[in-house]
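So this block is run-v6.txt, compact mmCIF, C-alpha atoms:
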# COMPACT_ATOMS: atom_id res chain seq x y z
CA MET A 125 -69.36 123.27 102.41
CA LYS A 126 -67.55 124.01 105.68
CA ASN A 127 -64.19 124.27 103.86
CA SER A 128 -65.67 126.66 101.30
CA PHE A 129 -67.03 128.82 104.13
CA ARG A 130 -63.62 128.89 105.84
CA PHE A 131 -61.88 129.79 102.58
CA GLY A 132 -64.35 132.59 101.92
CA PHE A 133 -63.99 133.89 105.46
CA ARG A 134 -60.17 133.90 105.20
CA LEU A 135 -60.32 135.62 101.81
CA LEU A 136 -62.62 138.29 103.22
CA GLY A 137 -60.23 138.76 106.13
CA ILE A 138 -57.28 139.20 103.77
CA ILE A 139 -59.22 141.77 101.72
CA LEU A 140 -60.21 143.72 104.85
CA VAL A 141 -56.67 143.71 106.25
CA SER A 142 -55.27 144.80 102.88
CA HIS A 143 -57.82 147.63 102.70
CA LEU A 144 -56.95 148.80 106.19
CA LEU A 145 -53.23 148.63 105.45
CA LEU A 146 -53.56 150.69 102.27
CA SER A 147 -55.88 153.31 103.77
CA CYS A 148 -53.29 154.85 106.07
CA GLN A 149 -49.69 156.00 105.82
CA LEU A 150 -48.25 153.41 108.24
CA GLY A 151 -50.17 150.62 106.56
CA ARG A 152 -48.92 151.63 103.11
CA PHE A 153 -45.36 151.80 104.46
CA VAL A 154 -45.62 148.31 105.98
CA PHE A 155 -47.33 146.87 102.90
CA TYR A 156 -44.97 148.38 100.30
CA ASN A 157 -41.90 148.63 102.57
CA PHE A 158 -39.53 150.71 100.37
CA ALA A 159 -39.30 152.52 97.05
CA ASP A 160 -39.42 149.97 94.26
CA ILE A 161 -39.13 150.06 90.48
CA LYS A 162 -42.75 148.88 90.23
CA ASP A 163 -44.12 151.74 92.31
CA HIS A 164 -46.02 153.19 89.34
CA LYS A 165 -48.51 150.34 89.86
CA LYS A 166 -49.11 151.18 93.52
CA PHE A 167 -50.27 154.78 93.56
CA LYS A 168 -53.04 156.80 91.95
CA SER A 169 -51.84 158.90 89.03
CA ARG A 170 -52.80 161.36 86.31
CA PRO A 171 -52.18 160.35 82.69
CA LEU A 172 -49.83 161.89 80.16
CA ILE A 173 -50.82 161.13 76.58
CA ALA A 174 -48.32 160.70 73.77
CA PRO A 175 -49.17 162.95 70.81
CA THR A 176 -50.29 161.44 67.51
CA GLN A 177 -47.09 162.64 65.88
CA SER A 178 -44.06 161.54 67.87
CA ASP A 179 -40.43 162.51 67.41
CA THR A 180 -37.92 159.67 67.39
CA PHE A 181 -34.16 159.50 67.71
CA SER A 182 -32.10 158.21 64.80
CA VAL A 183 -30.42 154.88 65.47
CA ALA A 184 -26.82 154.31 64.35
CA THR A 185 -26.26 151.30 62.10
CA THR A 186 -23.07 150.54 63.99
CA GLY A 187 -23.14 152.37 67.26
CA LYS A 188 -20.02 153.66 68.95
CA PHE A 189 -19.65 152.62 72.58
CA PRO A 190 -16.92 151.10 74.76
CA LYS A 191 -16.69 147.33 74.66
CA THR A 192 -15.70 147.09 78.32
CA LEU A 193 -16.31 149.00 81.53
CA ASN A 194 -13.93 148.52 84.42
CA ALA A 195 -12.40 145.60 82.47
CA ILE A 196 -15.79 143.85 82.28
CA PRO A 197 -17.81 143.48 79.05
CA PHE A 198 -20.04 146.55 78.76
CA ASP A 199 -23.38 144.67 78.70
CA GLN A 200 -22.37 142.42 81.55
CA TYR A 201 -21.24 145.32 83.74
CA LEU A 202 -24.56 147.08 83.28
CA GLU A 203 -26.60 143.97 84.00
CA ASP A 204 -24.48 142.96 86.98
CA ASN A 205 -25.15 146.39 88.49
CA LYS A 206 -28.94 146.11 88.39
CA THR A 207 -29.50 148.18 85.23
CA VAL A 208 -32.80 147.75 83.37
CA ALA A 209 -32.24 150.34 80.60
CA PHE A 210 -29.16 152.12 79.26
CA LEU A 211 -29.09 154.58 76.36
CA ILE A 212 -26.18 156.52 74.89
CA ILE A 213 -27.21 159.23 72.43
CA LYS A 214 -24.53 161.17 70.52
CA ASN A 215 -25.45 163.92 68.05
CA ASP A 216 -29.12 162.94 68.54
CA THR A 217 -28.37 159.42 67.29
CA ILE A 218 -28.70 156.37 69.51
CA GLN A 219 -25.30 154.70 69.74
CA TYR A 220 -26.27 152.15 72.37
CA GLU A 221 -29.67 151.00 73.64
CA LYS A 222 -30.01 147.91 75.77
CA TYR A 223 -32.58 146.59 78.22
CA PHE A 224 -32.07 144.02 80.96
CA LYS A 225 -33.91 142.03 83.66
CA GLY A 226 -36.96 141.46 81.44
CA TYR A 227 -37.38 145.15 80.63
CA GLU A 228 -37.72 146.52 77.10
CA GLU A 229 -38.23 149.76 75.18
CA THR A 230 -41.91 149.96 76.20
CA SER A 231 -41.33 149.25 79.91
CA ILE A 232 -42.38 151.94 82.39
CA VAL A 233 -39.79 152.94 85.00
CA PRO A 234 -40.53 155.46 87.79
CA SER A 235 -38.39 158.57 87.67
CA PHE A 236 -38.12 158.90 91.44
CA SER A 237 -36.20 162.14 92.10
CA MET A 238 -35.53 162.81 88.41
CA ALA A 239 -39.00 164.37 88.67
CA LYS A 240 -37.40 167.21 90.63
CA SER A 241 -35.57 168.32 87.48
CA VAL A 242 -38.82 168.19 85.51
CA VAL A 243 -40.46 170.41 88.11
CA SER A 244 -37.58 172.84 87.63
CA ILE A 245 -38.29 172.93 83.89
CA LEU A 246 -41.97 173.63 84.56
CA ILE A 247 -41.12 176.44 87.01
CA GLY A 248 -39.06 177.97 84.19
CA CYS A 249 -42.01 177.60 81.82
CA ALA A 250 -44.32 179.23 84.38
CA ILE A 251 -41.95 182.20 84.65
CA ASP A 252 -41.80 182.41 80.84
CA ASP A 253 -45.62 182.38 80.77
CA GLY A 254 -45.88 185.12 83.40
CA LEU A 255 -47.58 182.82 85.91
CA ILE A 256 -44.71 183.28 88.36
CA ASP A 257 -42.90 186.61 88.46
CA SER A 258 -39.43 185.46 89.49
CA VAL A 259 -37.44 183.08 91.65
CA ASP A 260 -36.96 185.91 94.15
CA GLU A 261 -40.62 185.91 95.13
CA PRO A 262 -41.39 184.81 98.70
CA ILE A 263 -43.06 181.42 98.79
CA ILE A 264 -45.82 182.65 101.10
CA LYS A 265 -47.26 184.56 98.13
CA TYR A 266 -48.39 181.16 96.84
CA LEU A 267 -48.50 179.29 100.15
CA PRO A 268 -50.32 181.64 102.55
CA GLU A 269 -50.88 178.77 104.99
CA LEU A 270 -47.17 179.08 105.86
CA ASN A 271 -47.39 182.79 106.65
CA ASN A 272 -46.55 183.89 110.21
CA LYS A 273 -44.68 180.62 110.80
CA GLY A 274 -41.16 181.82 110.04
CA PHE A 275 -41.33 181.18 106.28
CA GLU A 276 -41.52 184.84 105.28
CA LYS A 277 -37.88 185.03 104.11
CA VAL A 278 -37.95 181.81 102.08
CA LYS A 279 -37.81 182.51 98.34
CA ILE A 280 -38.63 180.23 95.42
CA LYS A 281 -34.91 180.29 94.64
CA HIS A 282 -34.14 178.80 98.04
CA LEU A 283 -36.41 175.85 97.23
CA LEU A 284 -34.75 175.39 93.84
CA GLN A 285 -31.29 175.49 95.43
CA MET A 286 -32.35 173.45 98.47
CA THR A 287 -31.15 176.14 100.81
CA SER A 288 -34.57 176.87 102.32
CA GLY A 289 -33.73 176.01 105.91
CA ILE A 290 -37.04 174.13 106.16
CA LYS A 291 -37.02 171.13 108.48
CA PHE A 292 -37.29 167.86 106.56
CA ASN A 293 -36.04 164.36 107.33
CA GLU A 294 -35.06 162.71 104.03
CA SER A 295 -35.05 159.15 105.41
CA TYR A 296 -37.40 156.62 103.80
CA PHE A 297 -36.68 154.01 106.46
CA ASN A 298 -38.58 155.78 109.26
CA PRO A 299 -42.32 155.21 108.63
CA PHE A 300 -43.11 158.46 110.44
CA GLY A 301 -40.25 160.46 108.86
CA ASP A 302 -40.97 163.28 106.44
CA ALA A 303 -39.85 161.53 103.25
CA ALA A 304 -41.88 158.39 104.02
CA SER A 305 -44.85 160.54 105.03
CA PHE A 306 -44.73 162.44 101.74
CA TYR A 307 -44.23 159.24 99.73
CA TYR A 308 -46.91 157.08 101.37
CA GLY A 309 -49.21 159.76 102.80
CA LEU A 310 -52.66 160.58 101.44
CA ASN A 311 -52.76 164.35 101.94
CA LEU A 312 -49.66 166.27 100.86
CA ARG A 313 -51.35 169.65 101.28
CA LYS A 314 -52.04 168.92 104.95
CA LEU A 315 -48.47 167.72 105.50
CA ILE A 316 -47.13 170.89 103.86
CA SER A 317 -49.25 173.10 106.12
CA LYS A 318 -47.54 171.49 109.14
CA MET A 319 -43.96 172.06 107.95
CA LYS A 320 -41.60 174.06 110.15
CA MET A 321 -38.43 176.08 109.74
CA GLN A 322 -35.15 174.72 111.05
CA SER A 323 -32.62 177.43 110.13
CA GLU A 324 -32.31 180.72 108.28
CA PRO A 325 -32.86 180.39 104.51
CA GLY A 326 -30.05 181.05 102.07
CA LYS A 327 -27.27 179.85 104.36
CA LYS A 328 -26.80 176.11 103.81
CA PHE A 329 -27.51 173.44 101.19
CA GLU A 330 -29.44 170.45 102.48
CA TYR A 331 -30.99 168.00 100.02
CA SER A 332 -34.72 167.97 100.72
CA SER A 333 -37.62 166.39 98.88
CA GLY A 334 -39.79 168.73 100.90
CA ASP A 335 -38.43 171.71 98.97
CA SER A 336 -39.35 170.03 95.68
CA GLN A 337 -42.87 169.24 96.87
CA LEU A 338 -43.34 172.87 97.90
CA LEU A 339 -42.30 173.86 94.36
CA GLY A 340 -45.02 171.56 93.08
CA LEU A 341 -47.70 173.20 95.20
CA ILE A 342 -46.45 176.66 94.19
CA LEU A 343 -46.68 175.58 90.56
CA GLU A 344 -50.22 174.24 91.04
CA ARG A 345 -51.32 177.46 92.73
CA SER A 346 -49.80 179.57 89.92
CA LEU A 347 -51.71 177.51 87.33
CA LYS A 348 -55.05 178.49 88.93
CA GLY A 349 -57.15 175.44 88.17
CA THR A 350 -54.86 173.48 85.86
CA THR A 351 -53.10 170.43 87.28
CA VAL A 352 -49.34 170.09 87.24
CA THR A 353 -49.73 167.03 85.01
CA SER A 354 -51.81 168.97 82.50
CA TYR A 355 -49.14 171.67 82.42
CA LEU A 356 -46.46 169.03 81.80
CA GLN A 357 -48.60 167.69 78.96
CA GLU A 358 -48.99 171.16 77.44
CA LYS A 359 -45.43 172.41 77.86
CA LEU A 360 -43.36 169.23 77.33
CA TRP A 361 -45.13 165.95 76.58
CA THR A 362 -46.93 167.17 73.47
CA PRO A 363 -44.35 169.65 72.08
CA LEU A 364 -41.48 167.17 72.50
CA GLY A 365 -43.42 164.49 70.65
CA MET A 366 -43.01 161.92 73.38
CA GLU A 367 -43.24 158.36 72.05
CA PHE A 368 -45.25 156.83 74.87
CA ASP A 369 -48.05 157.54 77.29
CA ALA A 370 -46.89 158.16 80.85
CA SER A 371 -48.28 159.31 84.20
CA TRP A 372 -47.55 161.32 87.32
CA SER A 373 -48.39 159.75 90.69
CA ILE A 374 -50.62 161.72 93.07
CA ASP A 375 -51.30 161.43 96.78
CA ARG A 376 -55.00 160.51 96.47
CA LYS A 377 -57.77 160.10 93.92
CA ASN A 378 -59.96 163.09 94.78
CA ASN A 379 -58.31 166.51 94.43
CA GLY A 380 -54.92 164.80 94.44
CA LEU A 381 -51.62 166.65 94.29
CA GLU A 382 -48.74 165.42 92.17
CA LYS A 383 -45.78 163.98 94.05
CA THR A 384 -43.44 166.48 92.48
CA PHE A 385 -40.45 165.31 94.48
CA CYS A 386 -40.47 161.87 92.94
CA CYS A 387 -43.00 160.23 90.76
CA ILE A 388 -43.19 160.53 86.98
CA ASN A 389 -43.66 157.15 85.30
CA ALA A 390 -42.26 156.95 81.77
CA ARG A 391 -39.97 155.14 79.32
CA ALA A 392 -36.25 155.52 78.73
CA ARG A 393 -36.44 157.23 75.34
CA ASP A 394 -38.84 159.87 76.60
CA TYR A 395 -36.60 160.62 79.58
CA ALA A 396 -33.81 161.11 77.03
CA LYS A 397 -35.88 163.78 75.26
CA LEU A 398 -35.91 165.88 78.43
CA GLY A 399 -32.11 165.75 78.30
CA LYS A 400 -32.15 166.70 74.62
CA LEU A 401 -34.32 169.75 75.35
CA TYR A 402 -31.77 171.03 77.85
CA LYS A 403 -28.82 170.07 75.65
CA ASN A 404 -30.36 172.25 72.94
CA LYS A 405 -30.79 175.20 75.34
CA GLY A 406 -34.56 174.87 75.54
CA LYS A 407 -35.26 174.60 71.81
CA TRP A 408 -37.16 171.81 70.08
CA ASN A 409 -37.49 171.71 66.29
CA GLY A 410 -36.68 175.42 66.15
CA LYS A 411 -39.23 176.42 68.81
CA GLN A 412 -38.16 177.79 72.19
CA ILE A 413 -39.97 175.56 74.71
CA VAL A 414 -38.33 177.06 77.79
CA SER A 415 -36.10 180.14 77.74
CA GLU A 416 -32.36 179.77 77.23
CA LYS A 417 -31.89 182.05 80.23
CA TRP A 418 -33.64 179.48 82.42
CA ILE A 419 -31.51 176.65 81.05
CA THR A 420 -28.37 178.62 81.91
CA GLN A 421 -29.62 179.49 85.40
CA SER A 422 -30.58 175.86 85.99
CA THR A 423 -27.28 174.24 85.05
CA GLN A 424 -24.42 176.61 85.87
CA LYS A 425 -22.41 176.64 89.06
CA ASP A 426 -23.64 179.11 91.67
CA THR A 427 -22.36 179.15 95.25
CA THR A 428 -24.23 182.25 96.43
CA GLU A 429 -26.80 182.20 99.25
CA GLY A 430 -25.58 178.90 100.68
CA SER A 431 -25.65 177.02 97.38
CA VAL A 432 -23.10 174.36 96.46
CA SER A 433 -21.10 173.90 93.27
CA TYR A 434 -22.56 170.47 92.47
CA TYR A 435 -26.28 171.33 92.60
CA GLN A 436 -28.32 173.97 90.82
CA TYR A 437 -32.10 174.43 90.44
CA GLN A 438 -32.90 170.73 91.02
CA TRP A 439 -30.13 169.50 88.69
CA TRP A 440 -26.88 167.80 89.74
CA LEU A 441 -23.58 169.10 88.30
CA PRO A 442 -20.92 166.33 88.19
CA THR A 443 -18.42 168.70 86.54
CA PRO A 444 -19.70 172.25 87.16
CA ASN A 445 -20.28 174.31 84.00
CA GLU A 446 -19.59 171.26 81.78
CA ASP A 447 -22.35 168.72 82.37
CA PHE A 448 -25.48 168.18 84.43
CA MET A 449 -27.97 165.45 85.23
CA ALA A 450 -31.24 164.45 86.81
CA GLN A 451 -30.89 161.75 89.44
CA GLY A 452 -33.31 159.46 91.28
CA ILE A 453 -33.11 156.83 94.00
CA LEU A 454 -32.33 153.29 92.79
CA GLY A 455 -30.00 154.80 90.21
CA GLN A 456 -32.21 156.62 87.70
CA TYR A 457 -30.24 159.16 85.65
CA ILE A 458 -30.49 161.53 82.72
CA TYR A 459 -26.93 162.73 82.06
CA VAL A 460 -26.24 165.58 79.62
CA HIS A 461 -22.92 166.92 78.29
CA PRO A 462 -23.83 169.71 75.85
CA THR A 463 -20.40 170.35 74.33
CA LYS A 464 -20.04 166.63 73.57
CA ASP A 465 -23.64 166.56 72.26
CA LEU A 466 -24.14 163.60 74.56
CA ILE A 467 -27.12 162.21 76.49
CA ILE A 468 -27.02 159.10 78.67
CA VAL A 469 -30.03 157.53 80.35
CA ARG A 470 -29.55 154.84 82.98
CA LEU A 471 -32.53 153.26 84.72
CA GLY A 472 -32.17 150.57 87.35
CA LYS A 473 -33.82 148.26 89.85
CA LYS A 474 -31.09 149.38 92.24
CA ASN A 475 -27.98 151.52 92.07
CA GLY A 476 -25.71 148.47 92.11
CA ASN A 477 -22.06 148.81 93.11
CA ALA A 478 -21.29 151.29 90.32
CA ASP A 479 -20.13 154.89 90.69
CA TRP A 480 -22.41 156.23 87.98
CA TRP A 481 -21.19 159.83 88.24
CA SER A 482 -17.66 158.70 87.40
CA ILE A 483 -18.90 156.35 84.70
CA PHE A 484 -20.84 159.10 82.95
CA THR A 485 -17.94 161.54 83.02
CA SER A 486 -15.55 158.85 81.73
CA LEU A 487 -17.97 157.99 78.92
CA ALA A 488 -18.10 161.69 78.04
CA LYS A 489 -14.33 161.61 77.60
CA TYR A 490 -14.66 158.52 75.40
CA TYR A 491 -16.85 160.51 73.02
In structure tokens, how does this file's structure come out?
Amino acid sequence: MKNSFRFGFRLLGIILVSHLLLSCQLGRFVFYNFADIKDHKKFKSRPLIAPTQSDTFSVATTGKFPKTLNAIPFDQYLEDNKTVAFLIIKNDTIQYEKYFKGYEETSIVPSFSMAKSVVSILIGCAIDDGLIDSVDEPIIKYLPELNNKGFEKVKIKHLLQMTSGIKFNESYFNPFGDAASFYYGLNLRKLISKMKMQSEPGKKFEYSSGDSQLLGLILERSLKGTTVTSYLQEKLWTPLGMEFDASWSIDRKNNGLEKTFCCINARARDYAKLGKLYKNKGKWNGKQIVSEKWITQSTQKDTTEGSVSYYQYQWWLPTPNEDFMAQGILGQYIYVHPTKDLIIVRLGKKNGNADWWSIFTSLAKYY
């Protein structure tokens, strides 16, 4: 009886400590420690539902892909470098599809910062729908809480280009840093209202998840009552005939805001469809989902207003004006080379010791 009481008391103590840890930012940081491939299980989220009719890629009977990579057998190289999913799609036909580390076609993998590119697509859709006038609008039109705090000259374009000049510490290792606060915090709107300017906008590129989260709040405000996840469902998940259900992590259960800088949770094939949409200049089965003009603006080199040649509208440009890709921490990638009609998706537990940018561009030459 006494032992049962002690066990129950200890169990209650563990539950209470766990609750306290998870109810505050520092506690969540200590408990979870660092971004992990299983993070989709840790945070509240809004669902994305696969449509009844899904579109699928053709699968080559005998796929074309290199047998070695850096003089190591292709499969082994991928597995050795912490890959969990790798797809090569040429002419809309899967040439190579392999899963590792216990993962399979139906396994969910967080997008991490690949979500930034999805937010860019949705901003383009919102402009097409007349919900946002243009990228040259000042952000305070949608975020009045930042008015009279030095943000008056910051445009939506500056957020897309990450040239906003807004102060943001990208480190995840500091539990009180901005990135960790946004990732583990429970009130993104409050954190946004406390943001400050660091330098004049339109002068310098500085990678910032804060800029992407501001885009998410701007998008939510422009939707006037519709959630960002619902808009993703309407504009992309249903029209593209995604094969699987998915979700978008939010900061808290009640009145939560999507973590638009990081956290879509989906499968490899559905990530590939986002690449296919952009490869096809915004068209899907003959329907223009997002304007071709937006696709061009999003993926072509532009070094005006402090921008850099390798980044454009939340997309990375390995070889400017030739290819582009979405990229997330731990080595999540959607690589697209339109003239080669090529899409590559790499998802990983970690980045490994591989130079994925170089690998993707070398694979493009192979095809």
* To do: Considering all atoms listed in the file, state which residue in the set A:Ile245, A:Ala174, A:Ala250, A:Ile453 is at the smallest distance from Gly406 (chain A).
  =>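 That would be A:Ile245, the residue with the smallest distance to Gly406 (chain A).
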* Residue nearest Gly274 (chain A) among A:Glu324, A:Asp257, A:Asp375, A:Asp426 (counting only C-alpha atoms) -> A:Glu324
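Atom pair CA of His164 (chain A) / CA of Leu454 (chain A): separated by 14.1 Å.
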* Asked: Which is closest to Ile263 (chain A) among A:Lys417, A:Lys473, A:Lys279, A:Lys225, if we use all atoms listed in the file?
  ->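 Closest residue, counting all atoms listed in the file: A:Lys279.
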Taking a cut-off of 12 Å and counting all atoms listed in the file, can you build a table that, for each residue of region 379-475 of chain A near region 292-308 of chain A, reports the nearest atom pair and how far apart they are in Å (one decimal), sorted by chain then residue number, as CSV?
residue,atom,partner,partner_atom,distance
A:Leu381,CA,A:Phe306,CA,11.0
A:Glu382,CA,A:Tyr307,CA,10.8
A:Lys383,CA,A:Tyr307,CA,7.6
A:Thr384,CA,A:Phe306,CA,10.2
A:Phe385,CA,A:Tyr307,CA,8.9
A:Cys386,CA,A:Tyr307,CA,8.2
A:Cys387,CA,A:Tyr307,CA,9.1
A:Ile453,CA,A:Tyr296,CA,10.7
* Asked: Rounded to one decimal in Å, what is the spacing between CA of Gly226 (chain A) and CA of Leu401 (chain A)?
  ->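 Between these atoms lies a distance of 29.1 Å.
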* Skipping near chain neighbours, those fewer than 2 positions away, what residues fall within 7 Å of Gly365 (chain A) using only C-alpha atoms, listed as JSON, numbers by chain? -> {"A": [174, 175, 177, 178, 179, 361, 362, 363, 367]}
* Asked: Suppose you want the space between CA of Ile212 (chain A) and CA of Ser354 (chain A); what is it in Å?
  ->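 According to the coordinates, CA of Ile212 (chain A) and CA of Ser354 (chain A) are separated by 29.5 Å.
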* Structure fact -> In terms of only C-alpha atoms, the residue from A:Asn194, A:Tyr435, A:Phe236, A:Asp369 at minimal distance from Arg391 (chain A) is A:Asp369
* Within 7 Å of region 314-319 of chain A, counting all atoms listed in the file, which residues qualify if same-chain residues fewer than 2 places away don't, as a PyMOL selection string? -> chain A and resi 269-270+311-312
* Asked: Which residue gives the smallest distance to His461 (chain A) among A:Gln421, A:Asn215, A:Thr230, A:Asn205, with all atoms listed in the file counted?
  ->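 The answer is A:Asn215, which sits nearest to His461 (chain A).
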* Given all atoms listed in the file as the counted atoms, nearest of A:Leu193, A:Ile374, A:Val242, A:Leu356 to Leu310 (chain A) -> A:Ile374
In file coordinates, which residues lie within 9 Å of (-29.6, 154.8, 70.5) using only C-alpha atoms, given as a compact mmCIF listing (two decimals) with C-alpha atoms, in the coordinates of the input?
# COMPACT_ATOMS: atom_id res chain seq x y z
CA PHE A 181 -34.16 159.50 67.71
CA SER A 182 -32.10 158.21 64.80
CA VAL A 183 -30.42 154.88 65.47
CA ALA A 184 -26.82 154.31 64.35
CA GLY A 187 -23.14 152.37 67.26
CA LEU A 211 -29.09 154.58 76.36
CA ILE A 212 -26.18 156.52 74.89
CA ILE A 213 -27.21 159.23 72.43
CA LYS A 214 -24.53 161.17 70.52
CA ASP A 216 -29.12 162.94 68.54
CA THR A 217 -28.37 159.42 67.29
CA ILE A 218 -28.70 156.37 69.51
CA GLN A 219 -25.30 154.70 69.74
CA TYR A 220 -26.27 152.15 72.37
CA GLU A 221 -29.67 151.00 73.64
CA LYS A 222 -30.01 147.91 75.77
CA ARG A 393 -36.44 157.23 75.34
* Trp480 (chain A) surroundings by all atoms listed in the file, 10 Å radius, close-in-sequence under 3 positions cut, as a list in words -> Gly455, Gln456, Tyr457, Tyr459, Arg470, Asn475, Gly476, Asn477, Ile483, Phe484, Thr485 and Ser486 of chain A
Given 5 Å on each side, where is the centre and what are the edge lengths in Å to one decimal of the axis-aligned box enclosing the listed atoms of region 217-232 of chain A, as lines of an AutoDock Vina configuration file?
center_x = -33.8
center_y = 150.4
center_z = 75.5
size_x = 27.1
size_y = 28.0
size_z = 26.4
